[in-house]
Amino acid sequence: MMSQVSYFTRLNPETVNLSTYIQFFLYVIILWILFRVPIFYSIIMNFAGLSLLIVVQGVTILALGRYNSISVETIKDDEAISVSAQLLTFILMFVVARIIKRFNWGFDFVPTSRRHDLEFKGTNATLIAVIISAIVAFMVLAYVFRNEFEDYVVYASLVFILTLPPFLYIALRKDNEDAA
């Protein structure tokens, strides 16, 4: 279903820049409804995956351009190269996921019950503020650089490279707080 959403949103030129946000929203809803994860935690889990994907994919695209003299426009326009970049991103994300699983670096604070009392203050409020700030910055960049794909990739990757460490620090702090 999500592949179809990705495919159809990328077919229409008006929605191609919104595809990532539509998918993020749908992933949050699916995790919330199908797997009964409270919405706050669904947002956190999906943001962790989205931000890591954007960082890995952005760094992959920029590294291909820097070390193989393949421009971002070439990657965008050449189907074989873009499929190869996607495959490389998949492999890197799979390796990262295996490392996270192997060293048990995942979040332990996600409750198993839907009836979880949640207070939006302290660490929870900070997590949501970081997530909203990154998503808004990402959306603004998508609008500003809608016709300049290479600049968009650079700045979007930079936003998430700068967002990921504070997000992970706050999430791990929340993990420790909830464990205590």
# chains A, B, ... in the order shown; residues from 1 in each chain; ligands from 1

call {"tool": "closest_atom_pairs", "arguments": {"of": "region 6-114 of chain A", "to": "region 144-159 of chain A", "cutoff": "10 Å", "atoms": "only C-alpha atoms", "output": "JSON lines"}}
result
{"residue": "A:Val16", "atom": "CA", "partner": "A:Arg146", "partner_atom": "CA", "distance": 9.7}
{"residue": "A:Asn17", "atom": "CA", "partner": "A:Arg146", "partner_atom": "CA", "distance": 7.2}
{"residue": "A:Ser51", "atom": "CA", "partner": "A:Ser157", "partner_atom": "CA", "distance": 8.9}
{"residue": "A:Leu52", "atom": "CA", "partner": "A:Ser157", "partner_atom": "CA", "distance": 9.7}
{"residue": "A:Leu53", "atom": "CA", "partner": "A:Ser157", "partner_atom": "CA", "distance": 9.7}
{"residue": "A:Ile54", "atom": "CA", "partner": "A:Ser157", "partner_atom": "CA", "distance": 6.2}
{"residue": "A:Val55", "atom": "CA", "partner": "A:Ser157", "partner_atom": "CA", "distance": 5.3}
{"residue": "A:Val56", "atom": "CA", "partner": "A:Ser157", "partner_atom": "CA", "distance": 8.4}
{"residue": "A:Gln57", "atom": "CA", "partner": "A:Ser157", "partner_atom": "CA", "distance": 8.2}
{"residue": "A:Gly58", "atom": "CA", "partner": "A:Ser157", "partner_atom": "CA", "distance": 5.2}
{"residue": "A:Val59", "atom": "CA", "partner": "A:Ser157", "partner_atom": "CA", "distance": 7.1}
{"residue": "A:Ile61", "atom": "CA", "partner": "A:Val153", "partner_atom": "CA", "distance": 8.1}
{"residue": "A:Leu62", "atom": "CA", "partner": "A:Val154", "partner_atom": "CA", "distance": 7.4}
{"residue": "A:Gly65", "atom": "CA", "partner": "A:Glu150", "partner_atom": "CA", "distance": 9.9}
{"residue": "A:Ser71", "atom": "CA", "partner": "A:Glu150", "partner_atom": "CA", "distance": 8.0}
{"residue": "A:Val72", "atom": "CA", "partner": "A:Glu150", "partner_atom": "CA", "distance": 5.5}
{"residue": "A:Glu73", "atom": "CA", "partner": "A:Glu150", "partner_atom": "CA", "distance": 6.9}
{"residue": "A:Lys76", "atom": "CA", "partner": "A:Phe149", "partner_atom": "CA", "distance": 8.4}

call {"tool": "write_last_selection", "arguments": {"atoms": "all heavy atoms", "output": "compact mmCIF listing (two decimals), in the first residue's frame"}}
result
# COMPACT_ATOMS: atom_id res chain seq x y z
N VAL A 16 4.82 15.64 -6.01
CA VAL A 16 6.11 14.95 -5.89
C VAL A 16 6.90 15.48 -4.68
O VAL A 16 7.55 14.71 -3.97
CB VAL A 16 6.92 15.04 -7.20
CG1 VAL A 16 7.48 16.42 -7.45
CG2 VAL A 16 8.02 14.00 -7.21
N ASN A 17 6.85 16.77 -4.41
CA ASN A 17 7.58 17.33 -3.26
C ASN A 17 6.90 17.02 -1.94
O ASN A 17 7.52 17.14 -0.88
CB ASN A 17 7.74 18.85 -3.41
CG ASN A 17 8.71 19.21 -4.51
OD1 ASN A 17 9.55 18.41 -4.89
ND2 ASN A 17 8.58 20.41 -5.03
N SER A 51 14.28 10.36 9.57
CA SER A 51 15.48 11.21 9.63
C SER A 51 16.73 10.40 9.29
O SER A 51 17.61 10.89 8.57
CB SER A 51 15.61 11.88 10.99
OG SER A 51 15.66 10.94 12.03
N LEU A 52 16.82 9.18 9.77
CA LEU A 52 17.98 8.34 9.44
C LEU A 52 18.01 8.03 7.94
O LEU A 52 19.06 8.09 7.30
CB LEU A 52 17.97 7.05 10.25
CG LEU A 52 19.18 6.16 10.03
CD1 LEU A 52 20.46 6.87 10.46
CD2 LEU A 52 19.02 4.86 10.79
N LEU A 53 16.85 7.75 7.36
CA LEU A 53 16.78 7.49 5.92
C LEU A 53 17.24 8.71 5.12
O LEU A 53 18.01 8.57 4.17
CB LEU A 53 15.36 7.10 5.50
CG LEU A 53 15.14 6.97 3.99
CD1 LEU A 53 15.95 5.82 3.43
CD2 LEU A 53 13.68 6.82 3.68
N ILE A 54 16.78 9.88 5.49
CA ILE A 54 17.16 11.09 4.76
C ILE A 54 18.66 11.34 4.88
O ILE A 54 19.31 11.70 3.91
CB ILE A 54 16.33 12.30 5.23
CG1 ILE A 54 14.88 12.12 4.76
CG2 ILE A 54 16.90 13.61 4.71
CD1 ILE A 54 13.91 13.10 5.33
N VAL A 55 19.21 11.13 6.07
CA VAL A 55 20.65 11.31 6.25
C VAL A 55 21.42 10.31 5.40
O VAL A 55 22.33 10.68 4.65
CB VAL A 55 21.04 11.19 7.74
CG1 VAL A 55 22.54 11.06 7.91
CG2 VAL A 55 20.52 12.38 8.53
N VAL A 56 21.07 9.03 5.48
CA VAL A 56 21.79 8.00 4.73
C VAL A 56 21.64 8.22 3.23
O VAL A 56 22.62 8.17 2.48
CB VAL A 56 21.32 6.58 5.13
CG1 VAL A 56 21.85 5.53 4.19
CG2 VAL A 56 21.74 6.28 6.56
N GLN A 57 20.42 8.50 2.79
CA GLN A 57 20.19 8.70 1.36
C GLN A 57 20.88 9.98 0.87
O GLN A 57 21.50 9.98 -0.19
CB GLN A 57 18.69 8.77 1.07
CG GLN A 57 18.38 8.71 -0.40
CD GLN A 57 16.91 8.46 -0.64
OE1 GLN A 57 16.07 9.01 0.06
NE2 GLN A 57 16.61 7.65 -1.63
N GLY A 58 20.81 11.04 1.64
CA GLY A 58 21.48 12.28 1.25
C GLY A 58 22.98 12.13 1.18
O GLY A 58 23.62 12.56 0.21
N VAL A 59 23.56 11.50 2.19
CA VAL A 59 25.01 11.29 2.19
C VAL A 59 25.41 10.36 1.03
O VAL A 59 26.44 10.58 0.38
CB VAL A 59 25.48 10.74 3.56
CG1 VAL A 59 26.91 10.25 3.50
CG2 VAL A 59 25.31 11.80 4.63
N ILE A 61 23.86 10.00 -1.90
CA ILE A 61 23.76 10.76 -3.15
C ILE A 61 24.91 11.76 -3.27
O ILE A 61 25.54 11.88 -4.33
CB ILE A 61 22.40 11.49 -3.24
CG1 ILE A 61 21.28 10.46 -3.47
CG2 ILE A 61 22.39 12.53 -4.34
CD1 ILE A 61 19.89 11.03 -3.35
N LEU A 62 25.21 12.45 -2.18
CA LEU A 62 26.31 13.42 -2.22
C LEU A 62 27.66 12.74 -2.40
O LEU A 62 28.53 13.25 -3.10
CB LEU A 62 26.28 14.28 -0.96
CG LEU A 62 25.04 15.18 -0.83
CD1 LEU A 62 25.02 15.87 0.52
CD2 LEU A 62 24.97 16.19 -1.96
N GLY A 65 28.12 11.77 -5.98
CA GLY A 65 28.45 12.95 -6.76
C GLY A 65 29.88 13.40 -6.55
O GLY A 65 30.56 13.82 -7.48
N SER A 71 26.52 13.74 -11.01
CA SER A 71 25.76 14.86 -10.46
C SER A 71 24.42 14.37 -9.90
O SER A 71 23.91 13.31 -10.29
CB SER A 71 25.53 15.93 -11.52
OG SER A 71 24.57 15.49 -12.46
N VAL A 72 23.87 15.17 -9.04
CA VAL A 72 22.56 14.84 -8.46
C VAL A 72 21.51 14.81 -9.56
O VAL A 72 20.61 13.96 -9.55
CB VAL A 72 22.20 15.85 -7.35
CG1 VAL A 72 20.80 15.62 -6.83
CG2 VAL A 72 23.19 15.76 -6.20
N GLU A 73 21.62 15.70 -10.52
CA GLU A 73 20.68 15.72 -11.64
C GLU A 73 20.79 14.43 -12.46
O GLU A 73 19.78 13.91 -12.92
CB GLU A 73 20.93 16.94 -12.53
CG GLU A 73 20.47 18.24 -11.92
CD GLU A 73 18.97 18.28 -11.64
OE1 GLU A 73 18.18 17.72 -12.42
OE2 GLU A 73 18.60 18.87 -10.61
N LYS A 76 19.03 11.79 -10.59
CA LYS A 76 17.59 12.01 -10.70
C LYS A 76 17.04 11.59 -12.06
O LYS A 76 15.97 11.00 -12.15
CB LYS A 76 17.29 13.49 -10.43
CG LYS A 76 15.84 13.85 -10.49
CD LYS A 76 15.66 15.33 -10.24
CE LYS A 76 14.22 15.73 -10.45
NZ LYS A 76 14.06 17.17 -10.49

call {"tool": "closest_atom_pairs", "arguments": {"of": "region 5-44 of chain A", "to": "region 106-128 of chain A", "cutoff": "12 Å", "atoms": "only C-alpha atoms", "output": "Markdown table"}}
result
| residue | atom | partner | partner_atom | distance |
| --- | --- | --- | --- | --- |
| A:Leu31 | CA | A:Arg114 | CA | 11.8 |
| A:Trp32 | CA | A:Arg114 | CA | 9.1 |
| A:Ile33 | CA | A:Arg114 | CA | 10.2 |
| A:Leu34 | CA | A:Arg114 | CA | 11.8 |
| A:Phe35 | CA | A:Thr112 | CA | 9.8 |
| A:Arg36 | CA | A:Arg114 | CA | 6.3 |
| A:Val37 | CA | A:Arg114 | CA | 6.4 |
| A:Pro38 | CA | A:Arg114 | CA | 5.5 |
| A:Ile39 | CA | A:Arg114 | CA | 8.9 |
| A:Phe40 | CA | A:Ile128 | CA | 8.4 |
| A:Tyr41 | CA | A:Val110 | CA | 6.1 |
| A:Ser42 | CA | A:Val110 | CA | 8.7 |
| A:Ile43 | CA | A:Ile128 | CA | 8.6 |
| A:Ile44 | CA | A:Leu127 | CA | 7.7 |

call {"tool": "closest_residue", "arguments": {"among": "A:Tyr169, A:Phe103, A:Phe8, A:Tyr27", "to": "Gly49 (chain A)", "atoms": "only C-alpha atoms"}}
result
A:Tyr27

call {"tool": "select_by_dssp", "arguments": {"residues": "chain A", "states": "helix (DSSP H, G or I)", "output": "PyMOL selection string"}}
result
chain A and resi 2-11+16-34+39-67+72-77+79-102+123-144+149-179

call {"tool": "closest_residue", "arguments": {"among": "A:Phe47, A:Leu87, A:Phe94, A:Ile81", "to": "Ile132 (chain A)", "atoms": "only C-alpha atoms"}}
result
A:Phe47

call {"tool": "decode", "arguments": {"residues": "region 36-137 of chain A", "atoms": "C-alpha atoms", "output": "short mmCIF file (atom, residue, chain, number, x, y, z; two decimals), in the first residue's frame"}}
result
data_model
loop_
_atom_site.label_atom_id
_atom_site.label_comp_id
_atom_site.auth_asym_id
_atom_site.auth_seq_id
_atom_site.Cartn_x
_atom_site.Cartn_y
_atom_site.Cartn_z
CA ARG A 36 -1.84 -0.04 18.37
CA VAL A 37 1.18 2.10 19.20
CA PRO A 38 0.09 5.36 20.89
CA ILE A 39 0.20 8.25 18.42
CA PHE A 40 2.97 10.15 20.26
CA TYR A 41 5.26 7.13 20.14
CA SER A 42 4.29 6.40 16.55
CA ILE A 43 5.45 9.89 15.62
CA ILE A 44 8.75 9.40 17.46
CA MET A 45 9.41 5.99 15.90
CA ASN A 46 8.58 7.14 12.38
CA PHE A 47 10.62 10.31 12.73
CA ALA A 48 13.65 8.29 13.83
CA GLY A 49 13.37 6.15 10.71
CA LEU A 50 12.62 9.06 8.40
CA SER A 51 15.48 11.21 9.63
CA LEU A 52 17.98 8.34 9.44
CA LEU A 53 16.78 7.49 5.92
CA ILE A 54 17.16 11.09 4.76
CA VAL A 55 20.65 11.31 6.25
CA VAL A 56 21.79 8.00 4.73
CA GLN A 57 20.19 8.70 1.36
CA GLY A 58 21.48 12.28 1.25
CA VAL A 59 25.01 11.29 2.19
CA THR A 60 24.88 8.44 -0.37
CA ILE A 61 23.76 10.76 -3.15
CA LEU A 62 26.31 13.42 -2.22
CA ALA A 63 29.11 10.83 -1.95
CA LEU A 64 28.25 9.44 -5.38
CA GLY A 65 28.45 12.95 -6.76
CA ARG A 66 31.68 13.78 -5.01
CA TYR A 67 33.66 10.60 -5.56
CA ASN A 68 32.20 9.28 -8.82
CA SER A 69 31.56 12.62 -10.55
CA ILE A 70 27.88 11.75 -10.85
CA SER A 71 25.76 14.86 -10.46
CA VAL A 72 22.56 14.84 -8.46
CA GLU A 73 20.68 15.72 -11.64
CA THR A 74 22.19 12.65 -13.36
CA ILE A 75 21.05 10.46 -10.48
CA LYS A 76 17.59 12.01 -10.70
CA ASP A 77 17.29 11.66 -14.48
CA ASP A 78 19.02 8.31 -15.15
CA GLU A 79 16.82 5.42 -14.05
CA ALA A 80 19.64 2.88 -13.76
CA ILE A 81 21.76 5.18 -11.61
CA SER A 82 18.81 6.16 -9.40
CA VAL A 83 17.87 2.51 -8.89
CA SER A 84 21.49 1.76 -7.98
CA ALA A 85 21.51 4.67 -5.51
CA GLN A 86 18.26 3.38 -3.97
CA LEU A 87 19.69 -0.13 -3.72
CA LEU A 88 22.82 1.20 -2.05
CA THR A 89 20.66 3.22 0.37
CA PHE A 90 18.63 0.08 1.15
CA ILE A 91 21.78 -1.92 1.88
CA LEU A 92 23.17 0.82 4.13
CA MET A 93 19.86 1.16 5.99
CA PHE A 94 19.70 -2.61 6.43
CA VAL A 95 23.23 -2.61 7.87
CA VAL A 96 22.32 0.23 10.25
CA ALA A 97 19.16 -1.63 11.33
CA ARG A 98 21.16 -4.80 12.01
CA ILE A 99 23.69 -2.83 14.08
CA ILE A 100 20.88 -1.21 16.10
CA LYS A 101 19.29 -4.61 16.71
CA ARG A 102 22.57 -6.35 17.50
CA PHE A 103 23.64 -3.79 20.09
CA ASN A 104 20.09 -3.26 21.41
CA TRP A 105 20.17 0.49 20.74
CA GLY A 106 16.43 0.76 20.05
CA PHE A 107 13.95 2.69 22.14
CA ASP A 108 12.55 0.84 25.14
CA PHE A 109 10.12 3.54 26.25
CA VAL A 110 7.28 2.71 23.86
CA PRO A 111 4.40 1.38 25.99
CA THR A 112 2.53 -1.76 25.04
CA SER A 113 -0.83 -0.39 26.14
CA ARG A 114 -2.89 2.14 24.16
CA ARG A 115 -4.13 3.56 27.46
CA HIS A 116 -0.95 5.29 28.38
CA ASP A 117 -1.03 8.58 30.28
CA LEU A 118 1.26 11.04 28.58
CA GLU A 119 2.30 14.46 29.78
CA PHE A 120 3.53 16.97 27.22
CA LYS A 121 6.21 18.57 29.29
CA GLY A 122 9.92 18.10 29.82
CA THR A 123 11.47 15.51 27.55
CA ASN A 124 8.23 14.72 25.69
CA ALA A 125 7.70 18.37 24.77
CA THR A 126 11.32 18.70 23.70
CA LEU A 127 11.05 15.62 21.47
CA ILE A 128 7.93 16.95 19.76
CA ALA A 129 9.56 20.40 19.35
CA VAL A 130 12.60 18.85 17.65
CA ILE A 131 10.41 16.75 15.37
CA ILE A 132 8.15 19.66 14.39
CA SER A 133 11.13 21.96 13.82
CA ALA A 134 12.84 19.45 11.54
CA ILE A 135 9.69 18.68 9.55
CA VAL A 136 8.87 22.38 9.10
CA ALA A 137 12.46 23.14 8.03
#
